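Pasted below: target34.pdb, PDB, C-alpha atoms.
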```
ATOM      1  CA  MET A   1       5.408   1.265  -0.798
ATOM      2  CA  ASN A   2       4.593  -1.354  -3.470
ATOM      3  CA  THR A   3       4.054  -5.102  -3.067
ATOM      4  CA  GLU A   4       7.717  -5.981  -3.544
ATOM      5  CA  LYS A   5       8.838  -3.551  -0.861
ATOM      6  CA  LEU A   6       5.980  -4.597   1.417
ATOM      7  CA  ILE A   7       6.942  -8.253   1.174
ATOM      8  CA  SER A   8      10.595  -7.549   1.973
ATOM      9  CA  THR A   9       9.454  -5.392   4.916
ATOM     10  CA  ILE A  10       7.300  -8.215   6.265
ATOM     11  CA  GLN A  11      10.256 -10.567   5.907
ATOM     12  CA  LYS A  12      12.331  -8.161   8.005
ATOM     13  CA  ILE A  13       9.546  -8.004  10.602
ATOM     14  CA  GLY A  14       9.667 -11.794  10.778
ATOM     15  CA  GLU A  15      13.428 -11.726  11.317
ATOM     16  CA  LYS A  16      13.090  -9.077  14.020
ATOM     17  CA  ILE A  17      10.396 -11.035  15.876
ATOM     18  CA  GLU A  18      12.472 -14.197  15.657
ATOM     19  CA  ALA A  19      15.475 -12.310  17.060
ATOM     20  CA  GLU A  20      13.405 -10.773  19.884
ATOM     21  CA  LYS A  21      11.428 -13.946  20.608
ATOM     22  CA  ALA A  22      13.131 -14.627  23.934
ATOM     23  CA  PHE A  23      12.867 -11.008  25.119
ATOM     24  CA  LEU A  24       9.142 -10.755  24.281
ATOM     25  CA  THR A  25       8.448 -14.071  25.930
ATOM     26  CA  GLU A  26      10.352 -12.973  29.020
ATOM     27  CA  LEU A  27       8.197  -9.816  29.263
ATOM     28  CA  ASP A  28       5.106 -11.980  28.950
ATOM     29  CA  ASN A  29       6.387 -14.470  31.518
ATOM     30  CA  VAL A  30       6.188 -11.809  34.197
ATOM     31  CA  ILE A  31       2.611 -10.621  33.653
ATOM     32  CA  GLY A  32       1.065 -13.034  31.156
ATOM     33  CA  ASP A  33       1.252 -16.641  30.096
ATOM     34  CA  GLY A  34       4.760 -16.432  28.691
ATOM     35  CA  ASP A  35       4.059 -17.205  25.088
ATOM     36  CA  HIS A  36       4.025 -13.850  23.288
ATOM     37  CA  GLY A  37       7.413 -14.107  21.563
ATOM     38  CA  ILE A  38       7.110 -17.815  20.790
ATOM     39  CA  ASN A  39       3.595 -17.380  19.382
ATOM     40  CA  LEU A  40       4.414 -14.373  17.221
ATOM     41  CA  ALA A  41       7.590 -16.027  15.937
ATOM     42  CA  ARG A  42       5.596 -19.115  14.974
ATOM     43  CA  GLY A  43       3.007 -16.940  13.215
ATOM     44  CA  PHE A  44       5.506 -14.836  11.297
ATOM     45  CA  GLY A  45       7.462 -18.008  10.470
ATOM     46  CA  GLU A  46       4.341 -19.325   8.719
ATOM     47  CA  VAL A  47       3.787 -15.900   7.119
ATOM     48  CA  GLY A  48       7.328 -16.125   5.713
ATOM     49  CA  LYS A  49       6.459 -19.380   3.930
ATOM     50  CA  LYS A  50       3.405 -17.801   2.308
ATOM     51  CA  LEU A  51       4.959 -14.540   1.088
ATOM     52  CA  ASP A  52       6.207 -16.006  -2.191
ATOM     53  CA  GLY A  53       2.640 -16.887  -3.129
ATOM     54  CA  LEU A  54       1.522 -13.292  -2.512
ATOM     55  CA  LYS A  55       4.042 -11.653  -4.880
ATOM     56  CA  ASP A  56       1.475 -10.969  -7.590
ATOM     57  CA  LYS A  57      -1.155  -9.499  -5.260
ATOM     58  CA  GLU A  58      -1.745  -5.863  -4.469
ATOM     59  CA  PRO A  59      -0.475  -4.630  -1.056
ATOM     60  CA  GLY A  60      -3.933  -4.737   0.551
ATOM     61  CA  ASP A  61      -4.337  -8.406  -0.329
ATOM     62  CA  VAL A  62      -0.826  -9.192   0.893
ATOM     63  CA  LEU A  63      -1.748  -7.717   4.283
ATOM     64  CA  LYS A  64      -4.991  -9.690   4.358
ATOM     65  CA  GLY A  65      -3.071 -12.886   3.616
ATOM     66  CA  VAL A  66      -0.617 -12.084   6.412
ATOM     67  CA  GLY A  67      -3.514 -11.429   8.820
ATOM     68  CA  MET A  68      -5.277 -14.665   8.006
ATOM     69  CA  THR A  69      -2.081 -16.641   8.460
ATOM     70  CA  LEU A  70      -1.476 -15.005  11.844
ATOM     71  CA  VAL A  71      -5.020 -15.810  12.985
ATOM     72  CA  SER A  72      -4.624 -19.472  12.171
ATOM     73  CA  THR A  73      -1.064 -20.011  13.376
ATOM     74  CA  VAL A  74      -0.224 -17.762  16.336
ATOM     75  CA  GLY A  75      -2.306 -19.606  18.925
ATOM     76  CA  GLY A  76      -2.492 -16.807  21.519
ATOM     77  CA  ALA A  77      -4.366 -13.533  21.815
ATOM     78  CA  SER A  78      -1.861 -11.831  19.522
ATOM     79  CA  GLY A  79      -3.175 -14.023  16.663
ATOM     80  CA  PRO A  80      -6.711 -12.637  16.502
ATOM     81  CA  LEU A  81      -5.458  -9.155  17.487
ATOM     82  CA  TYR A  82      -2.582  -8.735  15.022
ATOM     83  CA  GLY A  83      -4.566 -10.791  12.492
ATOM     84  CA  THR A  84      -7.512  -8.434  12.720
ATOM     85  CA  GLY A  85      -5.155  -5.449  12.514
ATOM     86  CA  PHE A  86      -3.447  -6.651   9.317
ATOM     87  CA  MET A  87      -6.759  -7.662   7.741
ATOM     88  CA  LYS A  88      -8.404  -4.317   8.506
ATOM     89  CA  MET A  89      -5.442  -2.397   7.162
ATOM     90  CA  GLY A  90      -5.516  -4.598   4.049
ATOM     91  CA  GLY A  91      -9.182  -3.773   3.561
ATOM     92  CA  VAL A  92      -8.521  -0.032   3.597
ATOM     93  CA  LEU A  93      -5.717  -0.381   1.036
ATOM     94  CA  LYS A  94      -7.888  -2.262  -1.441
ATOM     95  CA  GLY A  95      -7.222  -1.287  -5.061
ATOM     96  CA  LYS A  96      -3.993   0.579  -4.322
ATOM     97  CA  ALA A  97      -0.816  -0.607  -6.028
ATOM     98  CA  ASP A  98       1.305   1.786  -4.032
ATOM     99  CA  VAL A  99       0.808   2.678  -0.369
ATOM    100  CA  SER A 100       1.341   6.331   0.540
ATOM    101  CA  VAL A 101       1.879   7.715   4.043
ATOM    102  CA  SER A 102      -1.772   8.859   4.122
ATOM    103  CA  ASP A 103      -2.892   5.378   3.057
ATOM    104  CA  PHE A 104      -0.761   3.847   5.786
ATOM    105  CA  LEU A 105      -2.260   6.182   8.389
ATOM    106  CA  ALA A 106      -5.792   5.358   7.259
ATOM    107  CA  GLY A 107      -4.869   1.676   7.432
ATOM    108  CA  LEU A 108      -3.387   2.077  10.892
ATOM    109  CA  GLN A 109      -6.560   3.803  12.053
ATOM    110  CA  ALA A 110      -8.650   0.887  10.737
ATOM    111  CA  ALA A 111      -6.294  -1.569  12.437
ATOM    112  CA  ILE A 112      -6.648   0.286  15.745
ATOM    113  CA  GLU A 113     -10.438   0.253  15.495
ATOM    114  CA  GLY A 114     -10.462  -3.443  14.578
ATOM    115  CA  ILE A 115      -8.201  -4.329  17.500
ATOM    116  CA  MET A 116     -10.272  -2.233  19.923
ATOM    117  CA  GLN A 117     -13.377  -4.086  18.828
ATOM    118  CA  ARG A 118     -11.799  -7.540  18.824
ATOM    119  CA  GLY A 119     -10.184  -7.092  22.223
ATOM    120  CA  ARG A 120     -13.082  -5.064  23.647
ATOM    121  CA  SER A 121     -10.403  -2.661  24.783
ATOM    122  CA  THR A 122      -9.447   0.980  24.690
ATOM    123  CA  GLN A 123      -6.379   3.136  25.367
ATOM    124  CA  GLY A 124      -4.989   3.039  28.924
ATOM    125  CA  GLU A 125      -5.626  -0.648  29.627
ATOM    126  CA  LYS A 126      -2.004  -1.831  29.291
ATOM    127  CA  THR A 127      -2.301  -3.249  25.798
ATOM    128  CA  MET A 128      -0.788  -2.782  22.342
ATOM    129  CA  LEU A 129      -3.254   0.076  21.853
ATOM    130  CA  ASP A 130      -1.176   2.160  24.260
ATOM    131  CA  ALA A 131       1.616   2.149  21.664
ATOM    132  CA  MET A 132      -0.543   2.141  18.531
ATOM    133  CA  ILE A 133      -2.764   5.117  19.277
ATOM    134  CA  PRO A 134      -0.042   7.599  20.307
ATOM    135  CA  ALA A 135       2.093   6.415  17.378
ATOM    136  CA  LYS A 136      -0.686   7.081  14.910
ATOM    137  CA  GLU A 137      -1.430  10.490  16.397
ATOM    138  CA  ALA A 138       2.229  11.533  16.380
ATOM    139  CA  MET A 139       2.681  10.383  12.786
ATOM    140  CA  GLU A 140      -0.405  12.224  11.655
ATOM    141  CA  ALA A 141       0.725  15.427  13.337
ATOM    142  CA  LYS A 142       4.282  15.236  11.969
ATOM    143  CA  TRP A 143       3.092  14.313   8.479
ATOM    144  CA  GLY A 144       0.616  17.181   8.459
ATOM    145  CA  GLU A 145       3.310  19.569   9.568
ATOM    146  CA  THR A 146       6.229  18.487   7.376
ATOM    147  CA  GLN A 147       4.954  16.123   4.630
ATOM    148  CA  ASP A 148       8.187  14.272   5.370
ATOM    149  CA  ALA A 149       7.635  10.497   5.523
ATOM    150  CA  LYS A 150      10.856   9.709   7.355
ATOM    151  CA  ALA A 151      10.189  12.361   9.995
ATOM    152  CA  ALA A 152       6.599  11.158  10.400
ATOM    153  CA  PHE A 153       7.632   7.544  10.957
ATOM    154  CA  ALA A 154      10.425   8.588  13.328
ATOM    155  CA  ALA A 155       7.886  10.560  15.374
ATOM    156  CA  GLY A 156       5.583   7.530  15.368
ATOM    157  CA  VAL A 157       8.287   5.186  16.620
ATOM    158  CA  ALA A 158       9.312   7.627  19.366
ATOM    159  CA  ALA A 159       5.693   8.008  20.494
ATOM    160  CA  ALA A 160       5.203   4.235  20.435
ATOM    161  CA  TRP A 161       8.224   3.697  22.703
ATOM    162  CA  GLU A 162       6.860   6.358  25.059
ATOM    163  CA  GLY A 163       3.585   4.459  24.946
ATOM    164  CA  VAL A 164       5.373   1.245  25.885
ATOM    165  CA  GLU A 165       6.996   3.067  28.799
ATOM    166  CA  SER A 166       3.584   4.392  29.881
ATOM    167  CA  THR A 167       2.193   0.863  30.178
ATOM    168  CA  LYS A 168       4.497   0.280  33.155
ATOM    169  CA  ALA A 169       2.361   2.586  35.290
ATOM    170  CA  ILE A 170      -0.914   0.892  34.349
ATOM    171  CA  ALA A 171      -2.606  -1.951  36.202
ATOM    172  CA  ALA A 172      -3.862  -4.330  33.532
ATOM    173  CA  THR A 173      -7.590  -4.743  33.097
ATOM    174  CA  LYS A 174      -7.473  -6.653  29.809
ATOM    175  CA  GLY A 175      -5.838  -9.893  28.796
ATOM    176  CA  ARG A 176      -4.048 -12.429  30.936
ATOM    177  CA  ALA A 177      -2.251  -9.683  32.885
ATOM    178  CA  SER A 178      -5.614  -8.557  34.284
ATOM    179  CA  TYR A 179      -5.542 -11.602  36.569
ATOM    180  CA  LEU A 180      -2.555  -9.952  38.257
ATOM    181  CA  GLY A 181      -4.288  -6.576  38.525
ATOM    182  CA  GLU A 182      -2.169  -4.182  40.589
ATOM    183  CA  ARG A 183       0.723  -6.624  40.545
ATOM    184  CA  SER A 184       1.136  -5.938  36.842
ATOM    185  CA  ILE A 185       2.240  -2.371  37.616
ATOM    186  CA  GLY A 186       5.936  -1.747  36.925
ATOM    187  CA  HIS A 187       6.081  -4.086  33.953
ATOM    188  CA  GLN A 188       5.836  -3.049  30.317
ATOM    189  CA  ASP A 189       3.217  -4.597  28.084
ATOM    190  CA  PRO A 190       4.560  -7.253  25.690
ATOM    191  CA  GLY A 191       1.992  -6.444  22.965
ATOM    192  CA  ALA A 192       2.814  -2.728  23.008
ATOM    193  CA  THR A 193       6.493  -3.694  22.803
ATOM    194  CA  SER A 194       6.091  -6.019  19.827
ATOM    195  CA  PHE A 195       3.957  -3.482  17.958
ATOM    196  CA  THR A 196       6.665  -0.861  18.431
ATOM    197  CA  MET A 197       9.264  -3.276  17.057
ATOM    198  CA  LEU A 198       7.072  -3.815  13.988
ATOM    199  CA  LEU A 199       6.644  -0.101  13.440
ATOM    200  CA  GLU A 200      10.384   0.422  13.842
ATOM    201  CA  ILE A 201      11.051  -2.029  11.011
ATOM    202  CA  VAL A 202       8.498  -0.316   8.764
ATOM    203  CA  ALA A 203      10.046   3.073   9.613
ATOM    204  CA  GLY A 204      13.455   1.767   8.540
ATOM    205  CA  GLU A 205      12.060   0.891   5.120
ATOM    206  CA  VAL A 206      10.445   4.259   4.407
TER     207      VAL A 206
ATOM    208  CA  MET B 207     -29.888 -31.527  18.066
ATOM    209  CA  VAL B 208     -27.790 -28.470  18.979
ATOM    210  CA  GLY B 209     -24.072 -29.263  19.080
ATOM    211  CA  PHE B 210     -21.314 -27.894  21.332
ATOM    212  CA  VAL B 211     -17.653 -26.991  20.923
ATOM    213  CA  ILE B 212     -15.406 -26.529  23.950
ATOM    214  CA  VAL B 213     -12.656 -23.999  23.249
ATOM    215  CA  SER B 214      -9.839 -23.931  25.763
ATOM    216  CA  HIS B 215      -6.135 -23.141  25.895
ATOM    217  CA  SER B 216      -5.655 -26.653  27.260
ATOM    218  CA  ALA B 217      -6.379 -29.803  25.244
ATOM    219  CA  LYS B 218      -6.875 -31.761  28.474
ATOM    220  CA  LEU B 219      -9.311 -29.235  29.866
ATOM    221  CA  ALA B 220     -11.411 -29.227  26.675
ATOM    222  CA  GLU B 221     -11.443 -33.024  26.520
ATOM    223  CA  GLY B 222     -12.251 -33.285  30.214
ATOM    224  CA  VAL B 223     -15.176 -30.887  29.942
ATOM    225  CA  ALA B 224     -16.532 -32.828  26.951
ATOM    226  CA  ASP B 225     -16.227 -36.087  28.932
ATOM    227  CA  LEU B 226     -17.968 -34.524  31.904
ATOM    228  CA  ALA B 227     -20.873 -33.391  29.734
ATOM    229  CA  ARG B 228     -21.179 -36.850  28.144
ATOM    230  CA  MET B 229     -21.730 -38.402  31.606
ATOM    231  CA  MET B 230     -25.250 -37.002  31.693
ATOM    232  CA  ALA B 231     -26.020 -36.190  28.087
ATOM    233  CA  LYS B 232     -24.728 -39.165  26.157
ATOM    234  CA  SER B 233     -26.239 -38.321  22.806
ATOM    235  CA  ALA B 234     -25.567 -34.572  22.619
ATOM    236  CA  PRO B 235     -22.900 -33.754  20.004
ATOM    237  CA  ILE B 236     -19.918 -32.163  21.737
ATOM    238  CA  ALA B 237     -16.384 -31.702  20.413
ATOM    239  CA  PRO B 238     -13.307 -30.437  22.278
ATOM    240  CA  ALA B 239     -11.050 -27.854  20.592
ATOM    241  CA  GLY B 240      -8.276 -27.334  23.114
ATOM    242  CA  GLY B 241      -4.643 -26.352  22.733
ATOM    243  CA  LEU B 242      -2.546 -26.063  19.611
ATOM    244  CA  GLU B 243      -1.859 -28.575  16.844
ATOM    245  CA  ASP B 244       1.526 -29.396  18.387
ATOM    246  CA  GLY B 245      -0.064 -30.140  21.771
ATOM    247  CA  GLY B 246       1.027 -26.842  23.343
ATOM    248  CA  PHE B 247      -1.203 -24.358  25.155
ATOM    249  CA  GLY B 248      -3.191 -21.910  23.042
ATOM    250  CA  THR B 249      -6.226 -21.727  20.827
ATOM    251  CA  SER B 250      -6.264 -22.906  17.249
ATOM    252  CA  PHE B 251      -8.490 -21.453  14.546
ATOM    253  CA  ASP B 252      -8.211 -24.685  12.542
ATOM    254  CA  LYS B 253      -9.002 -26.963  15.491
ATOM    255  CA  ILE B 254     -12.072 -24.907  16.377
ATOM    256  CA  SER B 255     -13.241 -24.890  12.742
ATOM    257  CA  ALA B 256     -12.825 -28.682  12.513
ATOM    258  CA  ALA B 257     -14.691 -29.196  15.795
ATOM    259  CA  VAL B 258     -17.587 -27.063  14.536
ATOM    260  CA  GLU B 259     -17.798 -29.139  11.333
ATOM    261  CA  GLN B 260     -17.777 -32.307  13.411
ATOM    262  CA  VAL B 261     -20.853 -31.466  15.503
ATOM    263  CA  TYR B 262     -22.698 -29.179  13.098
ATOM    264  CA  SER B 263     -26.330 -29.658  12.069
ATOM    265  CA  ASP B 264     -29.027 -27.216  10.969
ATOM    266  CA  ASP B 265     -29.991 -26.880  14.641
ATOM    267  CA  GLY B 266     -26.750 -24.966  15.139
ATOM    268  CA  VAL B 267     -23.693 -25.089  17.377
ATOM    269  CA  ILE B 268     -22.887 -23.265  20.618
ATOM    270  CA  LEU B 269     -19.255 -22.534  21.452
ATOM    271  CA  LEU B 270     -18.095 -22.328  25.058
ATOM    272  CA  MET B 271     -14.731 -20.671  25.670
ATOM    273  CA  ASP B 272     -12.308 -20.177  28.540
ATOM    274  CA  MET B 273     -10.561 -16.788  28.288
ATOM    275  CA  GLY B 274      -8.767 -14.280  26.078
ATOM    276  CA  SER B 275      -7.658 -15.732  22.768
ATOM    277  CA  ALA B 276     -10.199 -18.562  23.142
ATOM    278  CA  VAL B 277     -12.956 -15.961  22.955
ATOM    279  CA  MET B 278     -11.353 -13.957  20.145
ATOM    280  CA  THR B 279     -10.417 -16.980  18.033
ATOM    281  CA  ALA B 280     -13.888 -18.514  18.432
ATOM    282  CA  GLU B 281     -15.318 -15.171  17.340
ATOM    283  CA  MET B 282     -13.156 -15.179  14.210
ATOM    284  CA  VAL B 283     -14.195 -18.747  13.344
ATOM    285  CA  MET B 284     -17.803 -17.629  13.674
ATOM    286  CA  GLU B 285     -17.160 -14.703  11.318
ATOM    287  CA  ALA B 286     -15.420 -16.977   8.808
ATOM    288  CA  MET B 287     -18.405 -19.371   8.855
ATOM    289  CA  GLU B 288     -21.113 -16.762   8.614
ATOM    290  CA  ASP B 289     -23.343 -19.108   6.610
ATOM    291  CA  LYS B 290     -23.572 -21.409   9.638
ATOM    292  CA  LYS B 291     -25.742 -21.026  12.731
ATOM    293  CA  LEU B 292     -23.085 -20.506  15.397
ATOM    294  CA  ARG B 293     -23.303 -18.673  18.711
ATOM    295  CA  LEU B 294     -20.915 -17.952  21.579
ATOM    296  CA  ALA B 295     -22.110 -18.577  25.124
ATOM    297  CA  ASP B 296     -21.027 -16.227  27.914
ATOM    298  CA  CYS B 297     -20.844 -18.640  30.847
ATOM    299  CA  PRO B 298     -18.491 -20.851  32.901
ATOM    300  CA  VAL B 299     -17.222 -23.626  30.624
ATOM    301  CA  ALA B 300     -17.751 -26.778  32.710
ATOM    302  CA  GLU B 301     -21.129 -25.860  34.187
ATOM    303  CA  GLY B 302     -22.282 -24.456  30.863
ATOM    304  CA  ALA B 303     -21.327 -27.602  28.964
ATOM    305  CA  VAL B 304     -23.281 -29.824  31.374
ATOM    306  CA  THR B 305     -26.340 -27.566  31.369
ATOM    307  CA  GLY B 306     -26.288 -26.987  27.616
ATOM    308  CA  THR B 307     -25.908 -30.598  26.540
ATOM    309  CA  ILE B 308     -28.726 -31.718  28.860
ATOM    310  CA  ASP B 309     -30.911 -28.976  27.356
ATOM    311  CA  ALA B 310     -29.980 -30.075  23.842
ATOM    312  CA  GLU B 311     -30.876 -33.678  24.594
ATOM    313  CA  ALA B 312     -34.221 -32.486  25.909
ATOM    314  CA  GLY B 313     -34.852 -30.987  22.478
ATOM    315  CA  MET B 314     -34.404 -27.314  23.321
ATOM    316  CA  THR B 315     -33.529 -24.909  20.497
ATOM    317  CA  LEU B 316     -30.286 -22.958  20.182
ATOM    318  CA  GLU B 317     -31.985 -19.768  21.362
ATOM    319  CA  GLU B 318     -33.590 -21.468  24.365
ATOM    320  CA  ILE B 319     -30.314 -23.060  25.408
ATOM    321  CA  LEU B 320     -28.436 -19.747  25.137
ATOM    322  CA  GLU B 321     -30.994 -18.132  27.373
ATOM    323  CA  ASP B 322     -30.565 -20.930  29.902
ATOM    324  CA  LEU B 323     -26.776 -20.618  29.738
ATOM    325  CA  GLU B 324     -26.971 -16.924  30.612
ATOM    326  CA  GLN B 325     -28.228 -17.989  34.050
ATOM    327  CA  VAL B 326     -25.382 -20.445  34.631
ATOM    328  CA  GLY B 327     -22.846 -17.790  35.597
ATOM    329  CA  ALA B 328     -25.165 -16.334  38.219
ATOM    330  CA  LEU B 329     -25.674 -19.628  40.035
ATOM    331  CA  LYS B 330     -24.144 -19.682  43.504
ATOM    332  CA  LYS B 331     -22.476 -22.913  44.586
ATOM    333  CA  LEU B 332     -22.306 -22.203  48.313
ATOM    334  CA  SER B 333     -25.730 -20.918  49.103
TER     335      SER B 333
END
```

Structure translated into structure tokens:
Amino acid sequence: MNTEKLISTIQKIGEKIEAEKAFLTELDNVIGDGDHGINLARGFGEVGKKLDGLKDKEPGDVLKGVGMTLVSTVGGASGPLYGTGFMKMGGVLKGKADVSVSDFLAGLQAAIEGIMQRGRSTQGEKTMLDAMIPAKEAMEAKWGETQDAKAAFAAGVAAAWEGVESTKAIAATKGRASYLGERSIGHQDPGATSFTMLLEIVAGEV
Amino acid sequence: MVGFVIVSHSAKLAEGVADLARMMAKSAPIAPAGGLEDGGFGTSFDKISAAVEQVYSDDGVILLMDMGSAVMTAEMVMEAMEDKKLRLADCPVAEGAVTGTIDAEAGMTLEEILEDLEQVGALKKLS
């Protein structure tokens, strides 16, 4: 994936988030502070305005620019979390004009580590990590087995949705939902859901 | 003198905590950074950065945060301003702001105040 393709993919992510804004916010209303969709849509709206200025950059720098914009415009926890994720992935892709599946997986790994550190969180705490980690593992396995990018991304998306489903059984210990504790059981995590939507868009572009 | 920034999801809460601290420590630099630019709930990287600039001196600035994104966004501001002497305090916001600003007025250093603030969370109110 080169810069041109990356920018059009990010535009599509923005459109998807805008379209799912109400749904994501509704999920967050139940167990959080009800701003996930609104915040992400605001952030990606601002990202959309900046993309034109990133056309001449390499993909890694585009991702860093996206991350920095999210940090300063989202306004909720998803700002520093997604922002850190995009920035870390951008760092790994430094110097590459074209992003391969292996590059993407290395970037995703860096994003996961960055988000774990930023959120002081780990898998199984009803967060976006519960979609990200299984997705990365499934993609790695499928890619190793088939060297087929489409199949690898499809496996990643399927694993991410399973991850989203798995968050329903977890009592939150991180984020605003942790104030609800056991009462958060039965509800899917908004962050895991939005990450899966992002990955689904990327998968569609591969 | 050490300065303070109050980071909260709520603009009113941040302003109220700053006002409360000023009751006893009139000269300590303290700036609220609450809510988003449009007045909504949330934490703003730009507001926090501006508040730090407002109260900054070579003595440093301590940031007090409420929860979640307030902590993470304050952390990212700190990373973006790595040339500045900034520290995050792990303590209740209102009590910490009052304690910290009084300490600052008394001439305590950033390190001494942080140490004092670590005790604030352990204080019992009903015993």

Problem set entry | Interface, chain B side, toward chain A (12 Å; all atoms listed in the file) as a ChimeraX atom specification | /B:214-216,240-255,272-283,285-286

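You will find CA of Leu323 (chain B) at 6.7 Å from CA of Gly306 (chain B).
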
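Of the residues under consideration (B:Gln260, B:Asp322, B:Ser333, B:Thr307), B:Thr307 shows the shortest atom-to-atom contact distance to Met230 (chain B) when counting all atoms listed in the file.
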
Problem set entry | Atom pair CA of Arg228 (chain B) / CA of Lys330 (chain B): separation (Å) | 23.2 Å

Exercise. Which residues match the PyMOL selection byres ((chain B and resi 295) around 7) in the file above, as a ChimeraX atom specification?
Worked result: /B:268-270,293-294,296-297,320,323

Exercise. Written as a PyMOL selection string, which residues does the PyMOL selection byres ((chain A and resi 140) around 12) give for the file shown?
Worked result: chain A and resi 101-106+108-109+133-139+141-149+151-156+159

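Reported to one decimal place, the separation of CA of Ala19 (chain A) from CA of Lys168 (chain A) is 23.2 Å.
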
Problem set entry | Residue IDs satisfying the PyMOL selection byres ((chain A and resi 123-128) around 7), as a PyMOL selection string | chain A and resi 122+129-132+167+170-174+189+191-192+195

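Remark: for Lys16 (chain A), the closest of the candidate residues A:Ala111, A:Gly65, A:Lys94, A:Gly37 is A:Gly37 (distances computed over all atoms listed in the file).
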
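Taking only C-alpha atoms into account, Glu200 (chain A) lies nearest to A:Ala158 out of the set A:His187, A:Asp52, A:Leu180, A:Ala158.
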
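Of the residues under consideration (A:Ala110, A:Leu199, A:Ala22, A:Ala41), A:Ala110 shows the shortest atom-to-atom contact distance to Gly85 (chain A) when counting only C-alpha atoms.
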
For this session: Taking the point (9.3, -13.8, 16.4) as given in the file, collect each protein or nucleic acid residue that comes within 12 Å of it, counting only C-alpha atoms, and present the set as an NGL selection string.
Result: :A and (10-25 or 35-48 or 70 or 74 or 78 or 194-195 or 197-198)

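The nearest approach to Ala310 (chain B) among the residues B:Ala239, B:Ala220, B:Ala227, B:Val208, with all atoms listed in the file taken into account, belongs to B:Val208.
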
Exercise. In terms of the shortest atom-to-atom distance over all atoms listed in the file, which of B:Ala224, B:Val326, B:Ala217, B:Val267 is closest to Pro298 (chain B)?
Worked result: B:Val326
